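J.: Quick one, final_0.cif (mmCIF, C-alpha atoms):
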```
data_upload
loop_
_atom_site.label_atom_id
_atom_site.label_comp_id
_atom_site.auth_asym_id
_atom_site.auth_seq_id
_atom_site.Cartn_x
_atom_site.Cartn_y
_atom_site.Cartn_z
CA MET A 14 1.42 69.54 78.12
CA ASN A 15 -2.07 68.64 77.06
CA GLU A 16 -2.26 71.87 75.04
CA HIS A 17 0.90 70.92 73.10
CA VAL A 18 -0.53 67.44 72.28
CA TRP A 19 -3.75 69.01 71.05
CA ILE A 20 -1.90 71.45 68.76
CA TYR A 21 0.29 68.57 67.37
CA ALA A 22 -2.72 66.40 66.66
CA ARG A 23 -4.43 69.25 64.84
CA LEU A 24 -1.37 69.84 62.64
CA ILE A 25 -0.84 66.15 61.76
CA GLY A 26 -4.53 65.54 61.18
CA GLY A 27 -4.76 68.49 58.83
CA GLN A 28 -1.79 67.31 56.79
CA SER A 29 -3.22 63.77 56.49
CA ALA A 30 -6.56 65.07 55.33
CA GLY A 31 -4.88 67.11 52.64
CA TRP A 32 -2.82 64.14 51.50
CA PHE A 33 -5.91 61.92 51.17
CA GLU A 34 -7.83 64.62 49.30
CA GLY A 35 -5.05 64.88 46.69
CA LYS A 36 -4.63 61.10 46.27
CA THR A 37 -8.39 60.50 45.97
CA ALA A 38 -8.56 62.71 42.91
CA LEU A 39 -5.65 60.82 41.35
CA LEU A 40 -7.27 57.43 42.05
CA LEU A 41 -10.52 58.59 40.48
CA ASP A 42 -8.66 59.66 37.35
CA LEU A 43 -6.86 56.31 37.09
CA THR A 44 -10.11 54.39 37.62
CA SER A 45 -11.81 56.39 34.90
CA ILE A 46 -8.96 55.67 32.47
CA ILE A 47 -9.04 51.91 33.24
CA VAL A 48 -12.82 51.65 32.93
CA GLY A 49 -12.74 53.60 29.68
CA SER A 50 -10.01 51.35 28.29
CA VAL A 51 -11.94 48.20 29.20
CA LEU A 52 -15.07 49.56 27.56
CA MET A 53 -13.10 50.36 24.42
CA LEU A 54 -11.66 46.85 24.33
CA LEU A 55 -15.12 45.36 24.77
CA LEU A 56 -16.50 47.54 21.99
CA CYS A 57 -13.64 46.53 19.70
CA ALA A 58 -14.18 42.83 20.50
CA TYR A 59 -17.91 43.17 19.88
CA GLY A 60 -17.24 44.93 16.61
CA TYR A 61 -14.80 42.21 15.55
CA ILE A 62 -17.34 39.48 16.33
CA ILE A 63 -20.05 41.31 14.37
CA TRP A 64 -17.66 41.72 11.43
CA GLU A 65 -16.64 38.05 11.51
CA LYS A 66 -20.27 36.92 11.55
CA HIS A 67 -21.04 39.21 8.64
CA ALA A 68 -18.00 37.95 6.73
CA ALA A 69 -18.97 34.33 7.44
CA ARG A 70 -22.51 34.93 6.16
CA ARG A 71 -21.14 36.61 3.07
CA ARG A 72 -18.65 33.76 2.50
CA THR A 73 -21.44 31.20 2.89
CA ALA A 74 -23.61 33.09 0.41
CA VAL A 75 -20.75 33.26 -2.09
CA LYS A 76 -20.04 29.51 -1.66
CA SER A 77 -23.71 28.71 -2.26
CA LYS A 78 -23.61 30.79 -5.44
CA TRP A 79 -20.48 28.98 -6.67
CA LEU A 80 -21.98 25.62 -5.75
CA HIS A 81 -25.03 26.42 -7.84
CA GLU A 82 -22.92 27.59 -10.76
CA LEU A 83 -20.64 24.54 -10.72
CA SER A 84 -23.63 22.19 -10.49
CA ALA A 85 -25.51 23.80 -13.37
CA GLU A 86 -26.13 21.86 -16.59
CA ASP A 87 -23.95 24.20 -18.67
CA SER A 88 -21.10 24.46 -16.14
CA ALA A 89 -17.48 23.70 -16.97
CA LEU A 90 -17.53 20.93 -14.37
CA ARG A 91 -20.56 19.19 -15.89
CA SER A 92 -18.95 19.49 -19.32
CA TYR A 93 -15.79 17.87 -17.97
CA PHE A 94 -17.68 14.86 -16.61
CA ASP A 95 -19.51 14.48 -19.94
CA THR A 96 -16.55 14.94 -22.30
CA GLY A 97 -13.39 14.55 -20.22
CA GLU A 98 -12.04 17.91 -21.43
CA ILE A 99 -10.86 20.22 -18.63
CA ASP A 100 -11.69 23.92 -18.97
CA SER A 101 -8.98 26.33 -17.81
CA SER A 102 -11.44 27.88 -15.31
CA LEU A 103 -11.37 24.64 -13.31
CA LEU A 104 -7.58 24.63 -13.10
CA ASP A 105 -7.35 28.28 -11.99
CA MET A 106 -9.45 27.82 -8.84
CA SER A 107 -8.12 28.80 -5.42
CA GLY A 108 -9.30 29.60 -1.91
CA ASP A 109 -13.00 29.11 -1.15
CA LEU A 110 -13.81 28.27 -4.76
CA GLN A 111 -11.39 25.34 -4.56
CA VAL A 112 -13.08 24.21 -1.33
CA VAL A 113 -16.47 24.24 -3.09
CA LEU A 114 -15.10 22.10 -5.93
CA GLN A 115 -13.56 19.71 -3.38
CA ASP A 116 -16.92 19.30 -1.61
CA ILE A 117 -18.66 18.56 -4.93
CA LEU A 118 -16.10 15.91 -5.88
CA LEU A 119 -16.23 14.28 -2.43
CA LEU A 120 -20.02 14.13 -2.68
CA ARG A 121 -19.77 12.40 -6.05
CA LEU A 122 -17.40 9.84 -4.53
CA THR A 123 -20.00 8.91 -1.92
CA GLN A 124 -22.60 8.30 -4.64
CA GLY A 125 -20.79 5.28 -6.09
CA PRO A 126 -19.57 6.69 -9.42
CA LYS A 127 -18.89 4.39 -12.34
CA GLU A 128 -15.33 3.58 -13.31
CA LEU A 129 -15.03 6.32 -15.96
CA GLU A 130 -16.44 9.03 -13.70
CA LEU A 131 -14.26 7.85 -10.82
CA ALA A 132 -11.16 8.13 -13.00
CA ARG A 133 -12.14 11.67 -14.02
CA ILE A 134 -12.75 12.70 -10.40
CA ARG A 135 -9.30 11.46 -9.42
CA SER A 136 -7.62 13.09 -12.40
CA LEU A 137 -9.25 16.47 -11.79
CA SER A 138 -8.59 16.40 -8.06
CA TRP A 139 -4.91 15.73 -8.69
CA ARG A 140 -4.55 18.60 -11.16
CA VAL A 141 -6.46 21.09 -9.01
CA PHE A 142 -5.50 20.19 -5.43
CA GLU A 143 -1.96 18.82 -5.80
CA SER A 144 -0.21 22.05 -4.76
CA SER A 145 -2.48 22.84 -1.82
CA TYR A 146 -2.33 19.25 -0.56
CA ARG A 147 1.46 19.22 -0.65
CA THR A 148 1.40 22.41 1.41
CA GLY A 149 -1.11 20.89 3.83
CA LEU A 150 1.02 17.78 4.35
CA GLU A 151 3.96 20.00 5.36
CA SER A 152 1.90 22.12 7.76
CA ARG A 153 2.98 22.43 11.39
CA LYS A 154 -0.66 22.09 12.43
CA TRP A 155 -1.50 18.47 13.22
CA SER A 156 -5.19 18.89 12.36
CA GLU A 157 -4.38 20.34 8.93
CA ARG A 158 -2.01 17.46 8.12
CA VAL A 159 -4.59 14.87 9.18
CA ASN A 160 -7.39 16.49 7.15
CA THR A 161 -5.13 16.67 4.12
CA LEU A 162 -4.20 12.99 4.50
CA LEU A 163 -7.88 12.07 4.53
CA TYR A 164 -8.48 14.04 1.32
CA VAL A 165 -5.45 12.42 -0.32
CA GLU A 166 -6.80 9.00 0.66
CA GLN A 167 -10.33 9.71 -0.58
CA PHE A 168 -9.10 10.98 -3.94
CA HIS A 169 -6.71 8.03 -4.25
CA MET A 170 -3.71 10.26 -5.01
CA THR A 171 -1.09 7.62 -5.62
CA GLU A 172 1.18 10.33 -7.01
CA LEU A 173 1.76 11.50 -3.42
CA LEU A 174 2.88 8.08 -2.12
CA PRO A 175 6.57 9.13 -2.08
CA LYS A 176 5.60 12.12 0.05
CA LEU A 177 3.70 9.83 2.41
CA GLU A 178 6.75 7.57 2.73
CA GLU A 179 8.74 10.64 3.72
CA MET A 180 6.16 11.45 6.40
CA LEU A 181 6.31 7.87 7.75
CA ARG A 182 10.06 8.12 8.18
CA SER A 183 9.71 11.37 10.13
CA SER A 184 9.98 11.15 13.91
CA SER A 185 7.11 13.64 14.20
CA CYS A 186 4.64 11.28 12.46
CA THR A 187 1.82 10.64 14.95
CA PRO A 188 -0.02 7.28 15.33
CA LEU A 189 -3.14 8.64 13.61
CA GLU A 190 -1.13 9.93 10.65
CA ARG A 191 0.66 6.58 10.41
CA PHE A 192 -2.68 4.75 10.46
CA ILE A 193 -4.17 6.86 7.64
CA ILE A 194 -1.04 6.43 5.52
CA LEU A 195 -1.01 2.64 6.02
CA ARG A 196 -4.71 2.44 5.21
CA MET A 197 -4.05 4.31 1.97
CA TYR A 198 -1.18 1.92 1.18
CA SER A 199 -3.65 -0.93 1.58
CA ARG A 200 -6.40 0.64 -0.53
CA THR A 201 -4.03 1.54 -3.34
CA GLY A 202 -2.29 -1.86 -3.41
CA TYR A 203 1.07 -0.38 -2.46
CA MET A 204 3.38 -3.28 -1.60
CA ARG A 205 5.25 -1.32 1.08
CA ILE A 206 2.31 -2.07 3.39
CA LEU A 207 3.69 -5.58 3.95
CA LYS A 208 6.97 -4.20 5.23
CA GLU A 209 5.14 -1.79 7.53
CA LEU A 210 2.99 -4.59 9.00
CA LEU A 211 6.17 -6.43 10.01
CA ARG A 212 7.30 -3.51 12.19
CA LYS A 213 7.22 -4.14 15.93
CA ASP A 214 6.98 -0.48 17.00
CA THR A 215 3.67 0.45 15.30
CA LEU A 216 1.07 1.41 17.91
CA LEU A 217 -2.39 0.84 16.45
CA SER A 218 -5.66 -0.54 17.78
CA ASN A 219 -7.25 -3.79 16.59
CA SER A 220 -9.97 -1.90 14.72
CA GLN A 221 -7.35 0.20 12.94
CA TYR A 222 -5.44 -2.92 11.89
CA LEU A 223 -8.71 -4.38 10.57
CA GLN A 224 -9.29 -1.29 8.44
CA ILE A 225 -5.79 -1.76 7.02
CA LEU A 226 -6.05 -5.51 6.43
CA LEU A 227 -9.52 -5.84 4.92
CA PRO A 228 -8.85 -3.89 1.67
CA LEU A 229 -5.66 -5.84 0.87
CA THR A 230 -5.55 -7.49 -2.55
CA ASP A 231 -5.49 -11.29 -2.93
CA GLU A 232 -1.81 -11.15 -3.84
CA MET A 233 -1.03 -9.17 -0.69
CA TRP A 234 -3.01 -11.62 1.43
CA THR A 235 -1.04 -14.54 0.03
CA ARG A 236 2.24 -12.83 0.91
CA LEU A 237 0.99 -11.82 4.34
CA MET A 238 -0.02 -15.38 5.22
CA ASP A 239 3.41 -16.57 4.08
CA HIS A 240 4.94 -14.21 6.68
CA PHE A 241 2.34 -14.87 9.39
CA LYS A 242 4.86 -15.95 12.02
CA GLU A 243 6.97 -12.83 11.44
CA VAL A 244 4.29 -10.19 12.09
CA PRO A 245 3.61 -8.92 15.65
CA TYR A 246 1.21 -10.94 17.79
CA GLN A 247 -1.50 -8.25 17.67
CA VAL A 248 -1.40 -8.32 13.87
CA GLN A 249 -1.62 -12.14 13.90
CA CYS A 250 -4.84 -12.00 15.93
CA THR A 251 -6.29 -9.36 13.64
CA ILE A 252 -5.34 -11.34 10.51
CA ILE A 253 -7.46 -14.25 11.76
CA ASP A 254 -10.42 -11.92 12.39
CA ALA A 255 -9.98 -10.42 8.92
CA LEU A 256 -9.98 -13.90 7.32
CA ARG A 257 -13.34 -14.53 8.97
CA ILE A 258 -14.81 -11.17 7.93
CA ARG A 259 -13.50 -11.50 4.36
CA ASP A 260 -14.95 -15.02 4.15
CA GLU A 261 -11.57 -16.20 2.89
CA GLN A 262 -12.02 -19.64 1.29
CA SER A 263 -8.53 -20.19 -0.13
CA VAL A 264 -6.60 -23.36 0.63
CA LYS A 265 -3.79 -21.29 2.15
CA ALA A 266 -6.17 -19.56 4.58
CA ILE A 267 -7.83 -22.80 5.72
CA THR A 268 -4.44 -24.49 6.07
CA LEU A 269 -3.24 -21.60 8.24
CA LEU A 270 -6.31 -21.79 10.47
CA GLU A 271 -5.92 -25.55 10.85
CA ALA A 272 -2.29 -25.17 11.88
CA LEU A 273 -3.19 -22.51 14.45
CA ILE A 274 -5.97 -24.67 15.95
CA LEU A 275 -3.45 -27.46 16.43
CA GLY A 276 -0.92 -24.98 17.86
CA GLU A 277 -0.06 -24.01 21.42
CA ASP A 278 -1.46 -20.46 21.62
CA ALA A 279 -4.92 -20.38 23.21
CA GLU A 280 -5.97 -16.98 21.86
CA LEU A 281 -5.00 -17.87 18.30
CA ARG A 282 -6.79 -21.22 18.62
CA THR A 283 -9.98 -19.55 19.83
CA ARG A 284 -10.00 -16.99 17.03
CA SER A 285 -9.14 -19.67 14.47
CA PHE A 286 -12.07 -21.83 15.58
CA GLN A 287 -14.41 -18.87 15.06
CA ALA A 288 -12.91 -18.08 11.66
CA LEU A 289 -12.93 -21.67 10.44
CA ALA A 290 -16.55 -22.12 11.53
CA HIS A 291 -17.38 -19.26 9.16
CA VAL A 292 -15.21 -20.00 6.14
CA ASP A 293 -15.66 -23.80 6.29
CA ARG A 294 -19.46 -23.71 6.62
CA LYS A 295 -20.09 -25.41 3.25
CA ASP A 296 -18.17 -28.50 4.33
CA ASN A 297 -17.61 -28.80 8.07
CA GLY A 298 -15.52 -31.93 7.75
CA LEU A 299 -12.28 -30.25 8.72
CA LEU A 300 -13.83 -28.35 11.63
CA ARG A 301 -15.49 -31.56 12.85
CA ARG A 302 -12.17 -33.39 12.89
CA LEU A 303 -10.47 -30.51 14.67
CA LEU A 304 -13.17 -30.34 17.33
CA LEU A 305 -12.87 -34.05 17.96
CA ALA A 306 -9.10 -33.66 18.28
CA TRP A 307 -9.66 -30.71 20.64
CA ASN A 308 -11.81 -32.85 22.94
CA LYS A 309 -8.81 -34.95 23.90
CA GLU A 310 -7.37 -31.99 25.82
CA GLY A 311 -10.54 -29.94 26.32
CA ASP A 312 -10.35 -29.93 30.11
CA GLU A 313 -7.05 -28.10 30.03
CA ARG A 314 -8.12 -25.42 27.57
CA PRO A 315 -8.75 -21.79 28.66
CA ARG A 316 -12.26 -20.64 29.51
CA SER A 317 -12.73 -18.48 26.38
CA GLU A 318 -11.76 -21.41 24.16
CA ARG A 319 -14.11 -23.83 25.93
CA LEU A 320 -16.94 -21.33 25.48
CA VAL A 321 -16.34 -20.99 21.72
CA VAL A 322 -16.12 -24.76 21.27
CA ALA A 323 -19.38 -25.31 23.17
CA ARG A 324 -21.09 -22.81 20.87
CA LEU A 325 -19.65 -24.40 17.73
CA MET A 326 -20.77 -27.88 18.78
CA GLY A 327 -24.29 -26.55 19.03
CA SER A 328 -24.20 -24.96 15.59
CA MET A 329 -22.84 -28.13 13.93
CA ARG A 330 -25.14 -30.59 15.76
CA GLU A 331 -22.84 -33.55 15.28
CA GLU A 332 -24.01 -36.55 17.34
CA SER A 333 -20.47 -37.40 18.37
CA PHE A 334 -20.29 -34.06 20.23
CA ILE A 335 -23.15 -34.89 22.62
CA PRO A 336 -20.96 -36.58 25.27
CA TRP A 337 -18.63 -33.57 25.27
CA LEU A 338 -21.48 -31.09 25.58
CA LYS A 339 -22.80 -33.02 28.56
CA LYS A 340 -19.33 -32.94 30.03
CA LEU A 341 -19.09 -29.17 29.48
CA MET A 342 -22.40 -28.78 31.33
CA GLY A 343 -20.38 -29.61 34.46
CA ASP A 344 -17.77 -26.93 33.71
CA PRO A 345 -16.73 -24.65 36.64
CA SER A 346 -17.85 -21.61 34.60
CA PHE A 347 -21.58 -20.90 34.69
CA GLN A 348 -21.44 -19.25 31.26
CA ILE A 349 -19.91 -22.38 29.70
CA ARG A 350 -22.43 -24.65 31.44
CA GLN A 351 -25.25 -22.48 30.09
CA GLU A 352 -23.77 -22.42 26.57
CA ALA A 353 -23.27 -26.19 26.54
CA ALA A 354 -26.87 -26.78 27.65
CA ASN A 355 -28.19 -24.35 25.03
CA SER A 356 -26.11 -26.11 22.36
CA LEU A 357 -27.41 -29.51 23.40
CA ALA A 358 -30.97 -28.14 23.24
CA ARG A 359 -30.51 -27.59 19.49
CA TYR A 360 -30.07 -31.32 18.76
CA GLU A 361 -32.94 -33.52 17.61
CA GLN A 362 -32.58 -35.79 20.65
CA ALA A 363 -32.30 -32.80 22.99
CA VAL A 364 -35.27 -33.64 25.24
CA GLU A 365 -34.06 -37.16 25.97
CA GLU A 366 -30.45 -36.08 26.52
CA LEU A 367 -31.39 -33.17 28.78
CA ARG A 368 -33.79 -35.32 30.79
CA PHE A 369 -31.09 -37.95 31.26
CA ALA A 370 -28.56 -35.28 32.29
CA ALA A 371 -31.03 -33.77 34.77
CA LEU A 372 -31.33 -37.16 36.47
CA GLU A 373 -27.97 -38.88 36.03
CA HIS A 374 -25.25 -36.27 35.58
CA PRO A 375 -22.63 -36.61 38.37
CA ASP A 376 -22.35 -32.81 38.77
CA LYS A 377 -25.20 -31.15 40.68
CA TYR A 378 -24.80 -27.88 38.78
CA ALA A 379 -25.01 -29.76 35.49
CA ARG A 380 -28.22 -31.47 36.68
CA GLN A 381 -29.65 -28.08 37.63
CA ILE A 382 -28.78 -26.38 34.31
CA ALA A 383 -30.12 -29.38 32.36
CA GLU A 384 -33.43 -29.21 34.24
CA GLU A 385 -33.76 -25.45 33.65
CA THR A 386 -32.94 -25.80 29.94
CA LEU A 387 -35.41 -28.67 29.57
CA GLU A 388 -38.17 -26.60 31.19
CA ARG A 389 -37.50 -23.67 28.82
CA LYS A 390 -37.50 -25.97 25.78
CA GLN A 391 -40.76 -27.67 26.76
CA TYR A 392 -42.38 -24.32 27.54
CA GLY A 393 -41.33 -23.07 24.10
CA ARG A 394 -42.96 -26.09 22.49
CA LYS A 395 -46.23 -25.43 24.33
CA MET A 396 -46.19 -21.79 23.19
CA ASP A 397 -45.74 -22.92 19.58
#
```
Starting from the file, lay out its structure as structure tokens.
T.:
Amino acid sequence: MNEHVWIYARLIGGQSAGWFEGKTALLLDLTSIIVGSVLMLLLCAYGYIIWEKHAARRRTAVKSKWLHELSAEDSALRSYFDTGEIDSSLLDMSGDLQVVLQDILLLRLTQGPKELELARIRSLSWRVFESSYRTGLESRKWSERVNTLLYVEQFHMTELLPKLEEMLRSSSCTPLERFIILRMYSRTGYMRILKELLRKDTLLSNSQYLQILLPLTDEMWTRLMDHFKEVPYQVQCTIIDALRIRDEQSVKAITLLEALILGEDAELRTRSFQALAHVDRKDNGLLRRLLLAWNKEGDERPRSERLVVARLMGSMREESFIPWLKKLMGDPSFQIRQEAANSLARYEQAVEELRFAALEHPDKYARQIAEETLERKQYGRKMD
């Protein structure tokens, strides 16, 4: 029995060894093929990278050569800027040569060209880039569309406004594309911007709205203020900020700010106080009257509004505000107490008023902040 088991084991073992010997050779062949293929792919990739780097260097060298030629004194481009006559070589540009011309024109725009040169830049850009820009605006690539929109805006291509309207109506128009288009509407004085600002579904940031509002013409601003109540709340807030930044001194603007200060919305009141303090700085009579009217309900006003008013009372230094500043020094908010004390310290009678508040104010926190402010003011005098 044991002899039969031994013979069987020898037979099976021999067959297995032969099977493994045959399969090992096959596995080695397959491994060699795979490794060789990977090496070939790596060599091809390396070769492609080397070729691309060489092509990029060559393209850069060619662009530098074209840039030098177009910038030369006797170039067709220089002749165009001097005479206004367009050489056919400028109109036949394409590819990288067109990119070089675009870079030159964009650089000239940043250098503050005079009106005549600016008109020639815009005219040439329209005649040379119109076809490629139309293609770029229809691209499926978002980045290409956005870049093209920026070029269209910089070159002031009002001829493409109908195309931009078409893009705005498209459901695929992204918020950034919408913003660039609206900013171009504003910069070109296109009246459709007013209709777009009335839309409730436009998702833009406050800074983007500011970039749209600031370049508006005086006529557009007049119309926009007439429709102030109709625009979305975010746009209303940004309009007030824009009035302050633009230093808008018109009667309509000041009347609007006055109405908002007397209104019910705390955020609009706060922003309007800040704006009016800026635009009404030559004659603070209106702001003074509004602050006095505000004091009647000051205790019920939001924290941000109380803070702005405390700061304004310090900048105006009207004697009738002193009682209200001393009252604000007892405000629950530390920041408002500090601001009220700092504002009071700017008055001529500051030392006497702060000393009195430090001793007699009914609020212990107000007495403390008055004492600290008085010490800082006296120390500052000694240093002077």
J.: Kindly give the distance, in Å, that separates atom CA of A:Arg147 and atom CA of A:Arg182, rounded to a single decimal.
T.: 16.6 Å
J.: Written as a PyMOL selection string, what is the full residue list that the PyMOL selection byres ((chain A and resi 235) around 12) yields on the file shown?
T.: chain A and resi 207+229-234+236-241+252+256+261+263-266+269
J.: If you apply the PyMOL selection byres ((chain A and resi 206) around 12) to this file, what residues do you get, as a ChimeraX atom specification?
T.: /A:174,178,181,191-205,207-212,222,225-226,228-230,233-234,236-237
J.: Go ahead and write the residues just picked, C-alpha atoms, as a PDB file, keeping the file's coordinate frame.
T.:
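New file result-v2.pdb:
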```pdb
ATOM      1  CA  LEU A 174       2.880   8.080  -2.120  1.00  0.00           C
ATOM      2  CA  GLU A 178       6.750   7.570   2.730  1.00  0.00           C
ATOM      3  CA  LEU A 181       6.310   7.870   7.750  1.00  0.00           C
ATOM      4  CA  ARG A 191       0.660   6.580  10.410  1.00  0.00           C
ATOM      5  CA  PHE A 192      -2.680   4.750  10.460  1.00  0.00           C
ATOM      6  CA  ILE A 193      -4.170   6.860   7.640  1.00  0.00           C
ATOM      7  CA  ILE A 194      -1.040   6.430   5.520  1.00  0.00           C
ATOM      8  CA  LEU A 195      -1.010   2.640   6.020  1.00  0.00           C
ATOM      9  CA  ARG A 196      -4.710   2.440   5.210  1.00  0.00           C
ATOM     10  CA  MET A 197      -4.050   4.310   1.970  1.00  0.00           C
ATOM     11  CA  TYR A 198      -1.180   1.920   1.180  1.00  0.00           C
ATOM     12  CA  SER A 199      -3.650  -0.930   1.580  1.00  0.00           C
ATOM     13  CA  ARG A 200      -6.400   0.640  -0.530  1.00  0.00           C
ATOM     14  CA  THR A 201      -4.030   1.540  -3.340  1.00  0.00           C
ATOM     15  CA  GLY A 202      -2.290  -1.860  -3.410  1.00  0.00           C
ATOM     16  CA  TYR A 203       1.070  -0.380  -2.460  1.00  0.00           C
ATOM     17  CA  MET A 204       3.380  -3.280  -1.600  1.00  0.00           C
ATOM     18  CA  ARG A 205       5.250  -1.320   1.080  1.00  0.00           C
ATOM     19  CA  LEU A 207       3.690  -5.580   3.950  1.00  0.00           C
ATOM     20  CA  LYS A 208       6.970  -4.200   5.230  1.00  0.00           C
ATOM     21  CA  GLU A 209       5.140  -1.790   7.530  1.00  0.00           C
ATOM     22  CA  LEU A 210       2.990  -4.590   9.000  1.00  0.00           C
ATOM     23  CA  LEU A 211       6.170  -6.430  10.010  1.00  0.00           C
ATOM     24  CA  ARG A 212       7.300  -3.510  12.190  1.00  0.00           C
ATOM     25  CA  TYR A 222      -5.440  -2.920  11.890  1.00  0.00           C
ATOM     26  CA  ILE A 225      -5.790  -1.760   7.020  1.00  0.00           C
ATOM     27  CA  LEU A 226      -6.050  -5.510   6.430  1.00  0.00           C
ATOM     28  CA  PRO A 228      -8.850  -3.890   1.670  1.00  0.00           C
ATOM     29  CA  LEU A 229      -5.660  -5.840   0.870  1.00  0.00           C
ATOM     30  CA  THR A 230      -5.550  -7.490  -2.550  1.00  0.00           C
ATOM     31  CA  MET A 233      -1.030  -9.170  -0.690  1.00  0.00           C
ATOM     32  CA  TRP A 234      -3.010 -11.620   1.430  1.00  0.00           C
ATOM     33  CA  ARG A 236       2.240 -12.830   0.910  1.00  0.00           C
ATOM     34  CA  LEU A 237       0.990 -11.820   4.340  1.00  0.00           C
TER      35      LEU A 237
END
```
J.: Taking all atoms listed in the file into account, name the residue in A:Arg140, A:Arg389, A:Arg257, A:Arg121 that is nearest to A:Asp100.
T.: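 Comparing A:Arg140, A:Arg389, A:Arg257, A:Arg121 against A:Asp100, the winner is A:Arg140.
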J.: Rounded to one decimal place, report the atom CA of A:Gly276-atom CA of A:Leu320 distance in Å.
T.: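 If I compute the distance from atom CA of A:Gly276 to atom CA of A:Leu320, I get 18.1 Å.
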J.: Counting all atoms listed in the file, figure out which residue out of A:Ala358, A:Leu163, A:Met342, A:Ala272 gets nearest to A:Ser328.
T.: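 Ranked by minimum distance to A:Ser328, first place goes to A:Ala358.
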J.: As lines of an AutoDock Vina configuration file, please: the centre and edge lengths in Å, to one decimal, of an axis-aligned box enclosing every listed atom of stretch 270-286 of chain A with 4 Å added on each side.
T.:
```
center_x = -6.1
center_y = -22.2
center_z = 16.8
size_x = 20.0
size_y = 18.5
size_z = 20.7
```
J.: Tell me, in Å to one decimal, how far atom CA of A:Phe142 is from atom CA of A:Leu223.
T.: 29.5 Å
J.: Please enumerate the residues selected by the PyMOL selection byres ((chain A and resi 79-89) around 12) when evaluated against the supplied file, formatted as number ranges by chain.
T.: A: 72-78, 90-104, 106, 109-118, 120-121
J.: Looking at all atoms listed in the file, which of A:Leu173, A:Glu128, A:Leu119, A:Leu189 is the one that sits closest to A:Trp155?
T.: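 Comparing A:Leu173, A:Glu128, A:Leu119, A:Leu189 against A:Trp155, the winner is A:Leu189.
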J.: Excluding A:Glu280 and its own-chain neighbours fewer than 3 positions away, which residues fall within 12 Å of it when counting only C-alpha atoms? Please give them as a short mmCIF file (atom, residue, chain, number, x, y, z; two decimals) with C-alpha atoms, in the coordinates of the input.
T.:
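The resulting file, around-v6.cif, is reproduced below:
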```cif
data_model
loop_
_atom_site.label_atom_id
_atom_site.label_comp_id
_atom_site.auth_asym_id
_atom_site.auth_seq_id
_atom_site.Cartn_x
_atom_site.Cartn_y
_atom_site.Cartn_z
CA TYR A 246 1.21 -10.94 17.79
CA GLN A 247 -1.50 -8.25 17.67
CA GLN A 249 -1.62 -12.14 13.90
CA CYS A 250 -4.84 -12.00 15.93
CA THR A 251 -6.29 -9.36 13.64
CA ILE A 253 -7.46 -14.25 11.76
CA ASP A 254 -10.42 -11.92 12.39
CA LEU A 273 -3.19 -22.51 14.45
CA ILE A 274 -5.97 -24.67 15.95
CA GLY A 276 -0.92 -24.98 17.86
CA GLU A 277 -0.06 -24.01 21.42
CA THR A 283 -9.98 -19.55 19.83
CA ARG A 284 -10.00 -16.99 17.03
CA SER A 285 -9.14 -19.67 14.47
CA PHE A 286 -12.07 -21.83 15.58
CA GLN A 287 -14.41 -18.87 15.06
CA ARG A 314 -8.12 -25.42 27.57
CA PRO A 315 -8.75 -21.79 28.66
CA ARG A 316 -12.26 -20.64 29.51
CA SER A 317 -12.73 -18.48 26.38
CA GLU A 318 -11.76 -21.41 24.16
CA ARG A 319 -14.11 -23.83 25.93
CA VAL A 321 -16.34 -20.99 21.72
#
```
J.: Calculated over all atoms listed in the file, which of the candidates A:Tyr378, A:Phe347, A:Tyr360, A:Tyr146 has the smallest distance to A:Glu332?
T.: A:Tyr360
J.: Just checking: using all atoms listed in the file, which residue out of A:Arg158, A:Leu299, A:Ser144, A:Arg135 ends up closest to A:Ser107?
T.: A:Ser144
J.: Determine the nearest neighbour of A:Val141 from the options A:Phe168, A:Ser220, A:Thr268, A:Glu190, counting only C-alpha atoms.
T.: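 Comparing A:Phe168, A:Ser220, A:Thr268, A:Glu190 against A:Val141, the winner is A:Phe168.
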